[in-house]
Structures are given as C-alpha cells and as structure tokens.
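Student: Supplied in structure tokens, the structure appears directly below.
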Amino acid sequence: MKKLLFALALIASSMSLKAASEEARLLRFPTVGGDKIVFTYAGKLYSVGIDGGAAVKLSSHVGYESFPKISPDGKTIAFTGQYDGNTEVYTIPVTGGEPKRLTYSGLVGRDQVGERMGPNNIVMGWTPDGKQIIYRSKQHTFSGLRGSLKKVAVGGGVSETIP
C-alpha cells in the first residue's frame, strides 16, 4: 500500500511540475508598434498580434538577440544581436528574415565585461522620422568605461555621437 501511495504521489508531483513548466515564461524586452508586440524569448525574437494569439519566431540566426524596437512606420525591428562575439545593432523586417548588421565595433574586453552597464550597443529606439536608430554604446576613456548615446542610419554607415 505504501508503494502504491508513493507511486501516486510521484505521478501527481510530476504532473504538477509539468503543468508549472508549461506556464513558466521568460518573455523579455517587449516593444509595441502598430498592431504588433515584439519580444525576446530564449534569445530569439518573436512577434504576436496586439490582441494576442500565437507568437511567431522572427529569426533563426545562431546567436543571442535582445532589446528589439519597432520602427515608427511599423515595418522594421532594430535590435541588439550577438552573433560573432560582438554585440552589434541589427535590423530585420517585422515579418522576419535575415538580420542586417548596421554597426561594426571592434571586439574588445567591454563585450565580455559583466558590469553594471550591461552589454554594448543596446538599441534604445528610433528617431521620430524612422531614418536612424538610437543606441547606447560603451567606450574606454581616460576615466574608464563610459556609455554614450549614438545614432546610425537604417542603411548602416558611420555612427554619430549624440551630444
């Protein structure tokens, strides 16, 4: 009888653990634009309609993607991606596809430093006209590691520091 009760208790606990794991979610860095919500889950970008429904995976690139921001016209997502060791700024169509790299930072110790400033090249948003992406970048200065705001054109190119 004790064995039967133990087996039933074990089955019941495994069922409750399974139910809890199905409900557990870690949806990070949500952004809203137009009729979409875009977020990061398990290091990948997903979108879902503003009214809910099934989430759609937007990218399949190997690497970690975070900090998505939807463009003012709702057609493009800017995000921070880490594919080759560097964390850089990328864009992707809101419907998904191949990421386009916009920034090219040299691989330096700042990308491996787990300090309070977080990763490098964090996408913060878009300019109101949707022509440039604003991001926070880290640089080494005489006084140490400093963060500054920068902007880069949607087509890529040289970034400009925002005073």
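Naming scheme: A, B, ... for chains in displayed order of the structure tokens; residues 1 onward per chain; ligands 1 onward as shown.
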With only C-alpha atoms as the counted atoms, please give the residues lying no more than 8 Å from range 146-151 of chain A, apart from itself and same-chain residues fewer than 6 positions off, as a PyMOL selection string.

Tutor: chain A and resi 117+132-140+159-163

Student: From the DSSP assignment of the backbone, select every residue of range 23-72 of chain A that is strand (DSSP E or B), and format the answer as a list in words.

Tutor: Leu27, Arg28, Phe29, Pro30, Thr31, Val32, Gly33, Lys36, Ile37, Val38, Phe39, Thr40, Tyr41, Lys44, Leu45, Tyr46, Ser47, Val48, Gly49, Val56, Lys57, Tyr64, Glu65, Ser66, Phe67, Pro68, Lys69 and Ile70 of chain A

Student: So how far away is CA of Tyr104 in chain A from CA of Val89 in chain A, in Å?

Tutor: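 The value is 8.4 Å.
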
Student: Residues within 7 Å of Leu58 in chain A, please, as a compact mmCIF listing (two decimals) with N, CA, C and O atoms, in the first residue's frame. Count only C-alpha atoms; anything in the same chain fewer than 3 positions from it doesn't count.

Tutor:
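File written: out-v3.txt
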# COMPACT_ATOMS: atom_id res chain seq x y z
N LEU A 45 13.96 36.51 -31.33
CA LEU A 45 12.88 37.49 -31.47
C LEU A 45 11.59 36.80 -31.89
O LEU A 45 11.59 35.94 -32.78
N TYR A 46 10.50 37.21 -31.26
CA TYR A 46 9.16 36.70 -31.58
C TYR A 46 8.22 37.89 -31.70
O TYR A 46 8.44 38.94 -31.10
N SER A 47 7.12 37.70 -32.45
CA SER A 47 6.08 38.72 -32.51
C SER A 47 4.73 38.06 -32.30
O SER A 47 4.54 36.87 -32.56
N THR A 95 8.20 41.17 -40.33
CA THR A 95 7.68 39.85 -40.69
C THR A 95 8.72 38.75 -40.53
O THR A 95 8.42 37.58 -40.72
N GLY A 96 9.96 39.14 -40.22
CA GLY A 96 11.04 38.17 -40.05
C GLY A 96 11.98 38.17 -41.24
O GLY A 96 11.73 38.83 -42.25
N GLY A 97 13.06 37.43 -41.14
CA GLY A 97 14.02 37.35 -42.23
C GLY A 97 15.44 37.37 -41.74
O GLY A 97 15.72 37.15 -40.56

Student: Counting only C-alpha atoms, which of A:Val56, A:Ala153, A:Ile122, A:Leu102 gets nearest to Val38 in chain A?

Tutor: A:Val56

Student: Quick one: of A:Gly81, A:Pro99, A:Gly33, A:Gly63, who's nearest to Val48 in chain A, counting only C-alpha atoms?

Tutor: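 Looking at the shortest contact to Val48 in chain A, the residue is A:Gly33.
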
Student: One decimal, Å: what's the distance from CA of Ala55 in chain A over to CA of Trp126 in chain A, could you say?

Tutor: 23.8 Å

Student: Would you mind reading off the distance between CA of Lys131 in chain A and CA of Leu27 in chain A, one decimal, in Å?

Tutor: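 A separation of 28.0 Å between them.
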
Student: Leaving out Arg28 in chain A and any residue of its chain fewer than 5 positions from it, which residues lie within 12 Å of it when counting only C-alpha atoms, given as a count of residues only?

Tutor: 15

Student: Could you tell me which of A:Arg101, A:Pro119, A:Ile50, A:Gly130 comes closest to Tyr83 in chain A if we count only C-alpha atoms?

Tutor: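 So, comparing all the options, the nearest one is A:Arg101.
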
Student: Given only C-alpha atoms as the basis, pick out the residue of A:Thr31, A:Ser60, A:Thr103, A:Thr80 nearest to Val152 in chain A.

Tutor: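 Among the listed residues, the smallest separation from Val152 in chain A belongs to A:Thr103.
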
Student: Calculated over only C-alpha atoms, which of the candidates A:Lys57, A:Asn86, A:Val154, A:Asp35 has the smallest distance to Lys100 in chain A?

Tutor: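 When distances to Lys100 in chain A are compared using only C-alpha atoms, the smallest one comes from A:Val154.
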